[in-house]
file query32.txt (compact mmCIF, C-alpha atoms)
# COMPACT_ATOMS: atom_id res chain seq x y z
CA MET A 1 56.30 103.35 113.65
CA GLY A 2 53.19 103.81 111.48
CA GLN A 3 50.85 101.32 109.92
CA SER A 4 52.64 101.23 106.59
CA ASN A 5 54.22 97.90 107.56
CA ASN A 6 50.75 96.27 107.31
CA VAL A 7 50.74 96.85 103.55
CA THR A 8 51.89 93.80 101.62
CA GLU A 9 52.02 95.15 98.05
CA PHE A 10 51.26 98.08 95.76
CA ILE A 11 49.79 98.23 92.26
CA LEU A 12 51.80 100.31 89.78
CA LEU A 13 49.91 102.00 86.95
CA GLY A 14 53.09 102.32 84.89
CA LEU A 15 53.80 104.76 82.09
CA THR A 16 50.89 103.88 79.82
CA GLN A 17 47.94 101.49 79.67
CA ASP A 18 48.14 101.15 75.87
CA PRO A 19 49.35 97.59 74.96
CA GLU A 20 50.98 98.70 71.70
CA GLY A 21 52.66 101.61 73.43
CA GLN A 22 54.00 99.26 76.09
CA LYS A 23 55.60 97.04 73.43
CA VAL A 24 57.32 100.01 71.81
CA LEU A 25 58.53 101.32 75.16
CA PHE A 26 59.78 97.83 76.09
CA VAL A 27 62.08 97.74 73.06
CA ILE A 28 63.28 101.33 73.58
CA PHE A 29 64.01 100.97 77.30
CA LEU A 30 65.62 97.57 76.86
CA LEU A 31 68.05 99.00 74.30
CA ILE A 32 68.76 102.02 76.52
CA TYR A 33 69.40 99.76 79.50
CA ILE A 34 71.76 97.46 77.57
CA VAL A 35 73.74 100.42 76.20
CA THR A 36 73.87 102.03 79.65
CA VAL A 37 75.07 98.94 81.51
CA LEU A 38 77.56 97.65 78.94
CA GLY A 39 78.89 101.12 78.10
CA ASN A 40 79.39 102.20 81.71
CA LEU A 41 80.97 98.88 82.66
CA PHE A 42 83.31 99.24 79.68
CA ILE A 43 84.34 102.72 80.91
CA ALA A 44 84.99 101.40 84.42
CA VAL A 45 87.05 98.47 83.12
CA THR A 46 88.99 100.79 80.81
CA VAL A 47 89.86 103.18 83.64
CA PHE A 48 90.95 100.43 86.04
CA ALA A 49 92.89 98.51 83.35
CA SER A 50 94.60 101.41 81.57
CA PRO A 51 97.84 102.71 83.14
CA PHE A 52 97.36 106.04 81.33
CA LEU A 53 94.10 106.91 83.11
CA ASP A 54 95.46 107.16 86.65
CA SER A 55 94.44 110.73 87.50
CA PRO A 56 91.70 111.42 90.10
CA MET A 57 89.30 112.55 87.37
CA TYR A 58 89.22 109.07 85.85
CA LEU A 59 88.86 107.37 89.23
CA PHE A 60 85.78 109.52 89.83
CA LEU A 61 84.57 108.86 86.28
CA ALA A 62 84.81 105.09 86.83
CA SER A 63 82.94 105.46 90.14
CA LEU A 64 80.25 107.52 88.40
CA SER A 65 79.93 104.83 85.73
CA LEU A 66 79.46 102.09 88.34
CA MET A 67 76.91 104.25 90.17
CA ASP A 68 75.01 104.77 86.91
CA VAL A 69 74.91 101.01 86.32
CA VAL A 70 73.32 100.31 89.71
CA TYR A 71 71.18 103.46 89.67
CA SER A 72 69.77 102.57 86.26
CA THR A 73 69.27 98.91 87.18
CA THR A 74 67.32 99.84 90.32
CA ILE A 75 64.52 101.34 88.22
CA SER A 76 64.98 100.15 84.64
CA LEU A 77 64.75 96.38 85.17
CA LYS A 78 61.42 96.62 87.00
CA LEU A 79 60.12 99.09 84.42
CA ILE A 80 61.13 96.85 81.50
CA ILE A 81 59.59 93.71 83.03
CA ASP A 82 56.36 95.52 83.94
CA LEU A 83 55.91 96.65 80.34
CA LEU A 84 55.28 92.97 79.48
CA LEU A 85 52.81 92.38 82.31
CA ALA A 86 49.09 93.16 82.39
CA LYS A 87 49.07 93.68 86.17
CA LYS A 88 52.04 95.51 87.62
CA THR A 89 52.58 94.89 91.33
CA ILE A 90 55.44 95.39 93.74
CA SER A 91 55.71 94.10 97.30
CA PHE A 92 56.09 96.55 100.16
CA SER A 93 59.63 95.37 100.95
CA ALA A 94 60.65 95.56 97.28
CA CYS A 95 59.11 99.02 97.08
CA MET A 96 61.11 100.20 100.09
CA GLY A 97 64.25 98.61 98.65
CA GLN A 98 63.73 100.40 95.35
CA LEU A 99 63.12 103.71 97.12
CA PHE A 100 66.22 103.23 99.28
CA LEU A 101 68.55 102.32 96.40
CA ASP A 102 67.16 105.03 94.14
CA HIS A 103 67.83 107.80 96.66
CA PHE A 104 71.05 106.22 97.90
CA PHE A 105 72.77 106.08 94.52
CA GLY A 106 71.07 109.22 93.25
CA CYS A 107 72.27 111.34 96.20
CA ALA A 108 75.72 109.70 96.17
CA GLU A 109 75.99 110.70 92.51
CA LEU A 110 75.11 114.30 93.41
CA PHE A 111 77.96 114.41 95.92
CA LEU A 112 80.30 112.73 93.44
CA LEU A 113 79.52 115.38 90.80
CA MET A 114 80.48 117.99 93.38
CA VAL A 115 83.73 116.15 94.10
CA MET A 116 84.48 116.03 90.37
CA ALA A 117 83.92 119.78 90.15
CA TYR A 118 86.38 120.33 93.00
CA ASP A 119 88.90 118.05 91.29
CA ARG A 120 88.61 120.12 88.10
CA TYR A 121 89.04 123.32 90.15
CA VAL A 122 92.27 122.02 91.69
CA ALA A 123 93.61 120.66 88.39
CA ILE A 124 92.92 123.88 86.45
CA CYS A 125 93.28 126.66 89.07
CA LYS A 126 95.95 125.06 91.30
CA PRO A 127 97.89 122.75 88.94
CA LEU A 128 101.12 122.88 90.97
CA TYR A 129 99.33 121.52 94.05
CA SER A 130 96.97 119.07 92.34
CA LEU A 131 99.04 115.96 93.08
CA THR A 132 99.38 116.98 96.73
CA VAL A 133 95.80 118.09 97.29
CA MET A 134 94.14 115.29 95.32
CA ASN A 135 96.30 112.36 96.39
CA ARG A 136 94.93 108.81 96.43
CA GLN A 137 93.94 108.90 100.10
CA VAL A 138 91.97 112.13 99.62
CA CYS A 139 90.25 110.71 96.54
CA PHE A 140 89.10 107.61 98.40
CA LEU A 141 87.98 109.79 101.31
CA PHE A 142 85.84 111.84 98.92
CA LEU A 143 84.32 108.65 97.53
CA VAL A 144 83.50 107.42 101.04
CA VAL A 145 81.91 110.79 101.90
CA SER A 146 79.78 110.55 98.75
CA TRP A 147 78.55 107.08 99.73
CA VAL A 148 77.88 108.12 103.34
CA GLY A 149 76.03 111.24 102.20
CA GLY A 150 73.82 109.12 99.97
CA LEU A 151 73.24 106.63 102.79
CA VAL A 152 72.17 109.28 105.30
CA HIS A 153 69.83 110.91 102.80
CA SER A 154 68.26 107.58 101.84
CA VAL A 155 67.78 106.46 105.46
CA VAL A 156 65.86 109.68 106.16
CA GLN A 157 63.57 109.00 103.19
CA ILE A 158 62.87 105.43 104.31
CA PHE A 159 62.22 106.53 107.89
CA ILE A 160 59.65 109.07 106.66
CA VAL A 161 57.71 106.44 104.70
CA TYR A 162 57.85 103.86 107.50
CA SER A 163 56.58 106.38 110.05
CA LEU A 164 53.38 107.15 108.12
CA PRO A 165 50.15 105.11 107.93
CA ILE A 166 49.28 104.09 104.38
CA CYS A 167 45.63 103.61 103.45
CA GLY A 168 43.44 103.89 100.37
CA PRO A 169 43.53 101.76 97.22
CA LYS A 170 47.33 101.21 97.45
CA VAL A 171 47.58 102.11 93.75
CA ILE A 172 50.67 104.12 92.79
CA ASP A 173 50.22 106.29 89.72
CA HIS A 174 53.81 105.76 88.70
CA PHE A 175 56.16 103.10 87.31
CA ALA A 176 58.37 103.10 90.43
CA CYS A 177 58.24 103.73 94.15
CA ASP A 178 59.10 107.36 94.80
CA MET A 179 58.42 109.74 97.67
CA TYR A 180 55.57 111.89 96.37
CA PRO A 181 53.48 109.04 94.86
CA LEU A 182 53.85 107.11 98.14
CA LEU A 183 53.00 110.11 100.33
CA GLU A 184 49.75 110.56 98.38
CA LEU A 185 48.62 107.18 99.76
CA THR A 186 48.96 108.22 103.39
CA CYS A 187 45.87 108.93 105.49
CA THR A 188 47.35 111.70 107.59
CA ASP A 189 48.38 115.32 107.15
CA THR A 190 51.61 115.40 105.15
CA TYR A 191 52.39 119.12 105.36
CA PHE A 192 55.30 118.72 107.79
CA VAL A 193 56.48 115.55 106.03
CA GLY A 194 56.36 117.34 102.69
CA PHE A 195 58.39 120.18 104.16
CA THR A 196 60.96 117.67 105.43
CA VAL A 197 61.21 116.02 102.01
CA VAL A 198 61.63 119.41 100.29
CA VAL A 199 64.41 120.37 102.73
CA ASN A 200 66.14 116.98 102.56
CA SER A 201 65.78 116.21 98.86
CA GLY A 202 65.19 119.61 97.37
CA LEU A 203 67.03 122.39 99.14
CA ILE A 204 70.01 120.51 100.60
CA CYS A 205 70.70 117.79 98.02
CA MET A 206 69.56 119.67 94.93
CA VAL A 207 69.58 123.46 95.16
CA VAL A 208 72.55 123.96 97.49
CA ILE A 209 74.79 121.49 95.65
CA PHE A 210 73.58 122.78 92.27
CA VAL A 211 74.42 126.39 93.17
CA LEU A 212 77.81 125.37 94.56
CA LEU A 213 78.56 123.47 91.36
CA LEU A 214 77.65 126.44 89.19
CA ILE A 215 79.81 128.75 91.32
CA SER A 216 82.77 126.35 91.14
CA TYR A 217 82.57 126.04 87.36
CA GLY A 218 82.19 129.82 87.11
CA VAL A 219 85.45 130.22 89.05
CA ILE A 220 87.13 127.64 86.82
CA LEU A 221 86.01 129.33 83.60
CA ASN A 222 87.12 132.73 84.92
CA SER A 223 90.59 131.36 85.71
CA LEU A 224 91.06 130.13 82.13
CA LYS A 225 91.94 133.64 80.98
CA SER A 226 95.54 133.10 82.10
CA HIS A 227 95.90 129.74 80.32
CA SER A 228 97.22 129.03 76.85
CA GLN A 229 94.83 128.48 73.98
CA GLU A 230 95.42 124.71 74.04
CA GLY A 231 94.97 124.63 77.81
CA ARG A 232 91.73 126.61 77.54
CA ARG A 233 90.42 124.28 74.85
CA LYS A 234 91.13 121.14 76.86
CA ALA A 235 89.76 122.59 80.10
CA LEU A 236 86.64 123.91 78.37
CA SER A 237 85.99 120.51 76.81
CA THR A 238 86.15 118.78 80.19
CA CYS A 239 84.13 121.44 82.02
CA CYS A 240 81.44 121.51 79.32
CA SER A 241 81.01 117.76 79.73
CA HIS A 242 80.65 118.12 83.50
CA VAL A 243 78.27 121.09 83.29
CA THR A 244 76.09 119.26 80.75
CA VAL A 245 75.78 116.24 83.06
CA VAL A 246 75.03 118.53 86.02
CA PHE A 247 72.19 120.27 84.17
CA LEU A 248 70.73 117.02 82.83
CA PHE A 249 70.63 115.50 86.32
CA PHE A 250 69.82 118.47 88.55
CA VAL A 251 67.20 120.43 86.63
CA PRO A 252 64.62 117.58 86.45
CA CYS A 253 65.35 116.62 90.09
CA ILE A 254 64.87 120.19 91.30
CA PHE A 255 61.55 120.36 89.44
CA MET A 256 60.47 117.10 91.09
CA TYR A 257 61.44 117.84 94.70
CA VAL A 258 61.50 121.61 95.25
CA ARG A 259 57.71 121.95 95.50
CA PRO A 260 54.84 120.93 97.80
CA ILE A 261 53.67 117.30 97.76
CA SER A 262 51.90 116.70 94.45
CA ASN A 263 51.93 114.09 91.73
CA PHE A 264 51.49 115.44 88.18
CA PRO A 265 51.01 113.24 85.09
CA THR A 266 54.24 114.63 83.62
CA ASP A 267 56.25 113.49 86.67
CA LYS A 268 56.52 109.94 85.33
CA PHE A 269 58.14 111.09 82.09
CA ILE A 270 60.47 113.50 83.88
CA THR A 271 61.47 110.65 86.20
CA VAL A 272 62.19 108.47 83.14
CA PHE A 273 64.54 111.15 81.89
CA TYR A 274 66.80 111.43 84.96
CA MET A 275 66.51 107.79 86.12
CA VAL A 276 66.72 105.93 82.80
CA ILE A 277 68.00 108.22 80.06
CA THR A 278 70.52 110.42 81.93
CA PRO A 279 72.81 107.47 82.92
CA MET A 280 73.11 106.66 79.21
CA LEU A 281 73.70 110.31 78.30
CA ASN A 282 76.45 110.52 80.95
CA LEU A 283 78.18 107.68 79.14
CA LEU A 284 77.96 109.40 75.75
CA ILE A 285 78.92 112.85 77.04
CA TYR A 286 82.00 111.72 78.96
CA THR A 287 83.32 109.43 76.23
CA LEU A 288 82.56 111.45 73.11
CA ARG A 289 84.10 114.62 74.54
CA ASN A 290 87.15 112.99 76.12
CA LEU A 291 89.93 112.00 73.71
CA GLU A 292 92.03 110.36 76.43
CA THR A 293 89.18 108.03 77.35
CA GLU A 294 88.52 107.22 73.70
CA ASN A 295 92.20 106.49 73.01
CA ALA A 296 92.48 104.33 76.14
CA MET A 297 89.42 102.35 75.07
CA LYS A 298 90.84 101.83 71.58
CA ASN A 299 94.26 100.80 72.91
CA LEU A 300 92.76 98.45 75.49
CA PHE A 301 90.35 96.88 73.02
CA CYS A 302 92.94 96.56 70.24
CA SER A 303 95.58 95.10 72.56
CA LYS A 304 93.15 92.58 74.05
CA LEU A 305 91.90 91.67 70.59
CA THR A 306 95.46 91.27 69.29
CA VAL A 307 96.42 89.06 72.24
CA ALA A 308 93.30 86.93 71.73
CA ILE A 309 94.02 86.53 68.00
CA LEU A 310 97.67 85.62 68.63
CA LYS A 311 96.67 83.04 71.26
CA ASN A 312 94.16 81.45 68.90
CA VAL A 313 96.68 81.42 66.04
CA SER A 314 99.28 79.87 68.37
CA ILE A 315 96.82 77.15 69.45
CA ILE A 316 95.95 76.40 65.83
CA LEU A 317 99.63 76.20 64.81
CA LYS A 318 100.48 73.95 67.76
CA THR A 319 97.56 71.67 66.91
CA PHE A 320 98.61 71.57 63.26
CA VAL A 321 102.25 70.79 64.11
CA SER A 322 101.31 68.07 66.61
CA ASN A 323 98.97 66.46 64.08
CA ASP A 324 101.65 66.68 61.40
CA GLU A 325 104.22 65.02 63.70
CA ALA A 326 101.74 62.30 64.59
CA THR A 327 101.03 61.68 60.90
CA GLY A 328 104.77 61.59 60.10
CA SER A 329 105.44 59.05 62.81
CA GLU A 330 103.08 56.56 61.17
CA PHE A 331 105.36 56.14 58.11

call {"tool": "encode", "arguments": {"input": "query32.txt", "output": "structure tokens"}}
result
Amino acid sequence: MGQSNNVTEFILLGLTQDPEGQKVLFVIFLLIYIVTVLGNLFIAVTVFASPFLDSPMYLFLASLSLMDVVYSTTISLKLIIDLLLAKKTISFSACMGQLFLDHFFGCAELFLLMVMAYDRYVAICKPLYSLTVMNRQVCFLFLVVSWVGGLVHSVVQIFIVYSLPICGPKVIDHFACDMYPLLELTCTDTYFVGFTVVVNSGLICMVVIFVLLLISYGVILNSLKSHSQEGRRKALSTCCSHVTVVFLFFVPCIFMYVRPISNFPTDKFITVFYMVITPMLNLLIYTLRNLETENAMKNLFCSKLTVAILKNVSIILKTFVSNDEATGSEF
């Protein structure tokens, strides 16, 4: 174990040092965070409460929504609070926790996107076997594998940081604890460590999965030639949503991790995109391009609203009748 455990806290430089810019960013990121959390929770509740959304695709969509809530919260809350503070600090344990959760949920989401691509492949290319291949037990197994994959990846990242001595000013030129900004604070040669990070985060979790996803969607699109026009339209709509999410998440991550250890000024803004903005875009992409999800949301909301109104009306009528009977009994 290295000397990194002697460090008690780090100083974060944040996105900008401009006070006015920090106020503007505070409002923007707060709104994004609220929309992300409430919207994704609403999707998860809709999927679990609606009897019409019982296919594997919606189970995975609800899981992705819950992952996005935690993934966004891991970074966004600290970022939003720090925008109001003059001095931005984070303890060593909190920094390690943030790094662990960030890579845990981020990598689990990568595996889940791959599972969703496989689910679409089975549903479109092997429709007669979809219920057999993607039964409930298999779906839960895929979810467990996604979580375990994220856990293993994250443990490796934490072990790397813990094994290195950290020295210097302990100032992180970032708004969050991430691998490359932390490795720049080490007082030892990081060539081998950087190679390990590139292999673990870049080649395995990013490039390999990204290429496999593109191949799988290529196979799906090629198989649509034999489908009806309506079937092609529906499948294309779903696949376009998935491919858009894949590109939004993978391309920035590949740029960040498939390279030697370095920390560029633009890295902070690229990190904002895939850590803060992409979870909100996932919400918009999956709901706006999915009529079944939209209809389920409308039905669930309208039914709940109707039940609530009827209950309130019933309470008011009962109160009125009881008061009227009490008044009548006085004469």

call {"tool": "residues_near_point", "arguments": {"input": "query32.txt", "point": "(68.7, 109.1, 79.3)", "cutoff": "10 Å", "atoms": "only C-alpha atoms", "output": "ChimeraX atom specification"}}
result
/A:29,32-33,36,72,248-249,272-284

call {"tool": "residues_around", "arguments": {"input": "query32.txt", "residues": "range 174-185 of chain A", "least_positions_apart": "3", "cutoff": "8 Å", "atoms": "only C-alpha atoms", "output": "list of chain:residue names"}}
result
A:Leu12, A:Leu13, A:Gly14, A:Leu15, A:Ile75, A:Lys78, A:Leu79, A:Cys95, A:Met96, A:Gln98, A:Leu99, A:Gln157, A:Val161, A:Ile166, A:Cys167, A:Gly168, A:Pro169, A:Lys170, A:Val171, A:Thr190, A:Ile261, A:Ser262, A:Asn263, A:Lys268

call {"tool": "atom_distance", "arguments": {"input": "query32.txt", "atom1": "CA of Met114 in chain A", "atom2": "CA of Val193 in chain A"}}
result
27.2 Å

call {"tool": "closest_residue", "arguments": {"input": "query32.txt", "among": "A:Val246, A:Leu151, A:Leu213, A:Ile172", "to": "Ile11 in chain A", "atoms": "all atoms listed in the file"}}
result
A:Ile172

call {"tool": "residues_around", "arguments": {"input": "query32.txt", "residues": "Val47 in chain A", "least_positions_apart": "2", "cutoff": "10 Å", "atoms": "all atoms listed in the file", "output": "PyMOL selection string"}}
result
chain A and resi 41-45+49-55+58-63+293+296-297+300

call {"tool": "atom_distance", "arguments": {"input": "query32.txt", "atom1": "CA of Thr186 in chain A", "atom2": "CA of Phe10 in chain A"}}
result
12.9 Å

call {"tool": "atom_distance", "arguments": {"input": "query32.txt", "atom1": "CA of Val258 in chain A", "atom2": "CA of Val198 in chain A"}}
result
5.5 Å

call {"tool": "closest_residue", "arguments": {"input": "query32.txt", "among": "A:Val35, A:Ile124, A:Leu64, A:Val219", "to": "Arg232 in chain A", "atoms": "all atoms listed in the file"}}
result
A:Ile124

call {"tool": "axis_aligned_box", "arguments": {"input": "query32.txt", "around": "range 114-132 of chain A", "padding_each_side": "8 Å", "output": "JSON"}}
result
{"center_x": 90.8, "center_y": 121.3, "center_z": 91.6, "size_x": 36.6, "size_y": 26.7, "size_z": 26.3}

call {"tool": "closest_residue", "arguments": {"input": "query32.txt", "among": "A:Val243, A:Thr188, A:Leu141, A:Phe269", "to": "Ile285 in chain A", "atoms": "all atoms listed in the file"}}
result
A:Val243

call {"tool": "closest_residue", "arguments": {"input": "query32.txt", "among": "A:Tyr217, A:Phe104, A:Phe210, A:Tyr286", "to": "Cys125 in chain A", "atoms": "only C-alpha atoms"}}
result
A:Tyr217

call {"tool": "residues_near_point", "arguments": {"input": "query32.txt", "point": "(90.5, 129.6, 82.9)", "cutoff": "9 Å", "atoms": "all atoms listed in the file", "output": "PyMOL selection string"}}
result
chain A and resi 124-125+219-227+231-232+235-236

call {"tool": "closest_residue", "arguments": {"input": "query32.txt", "among": "A:Met57, A:Cys187, A:Val144, A:Leu31", "to": "Tyr118 in chain A", "atoms": "all atoms listed in the file"}}
result
A:Met57

call {"tool": "closest_residue", "arguments": {"input": "query32.txt", "among": "A:Phe100, A:Phe192, A:Tyr129, A:Phe140", "to": "Val156 in chain A", "atoms": "all atoms listed in the file"}}
result
A:Phe100
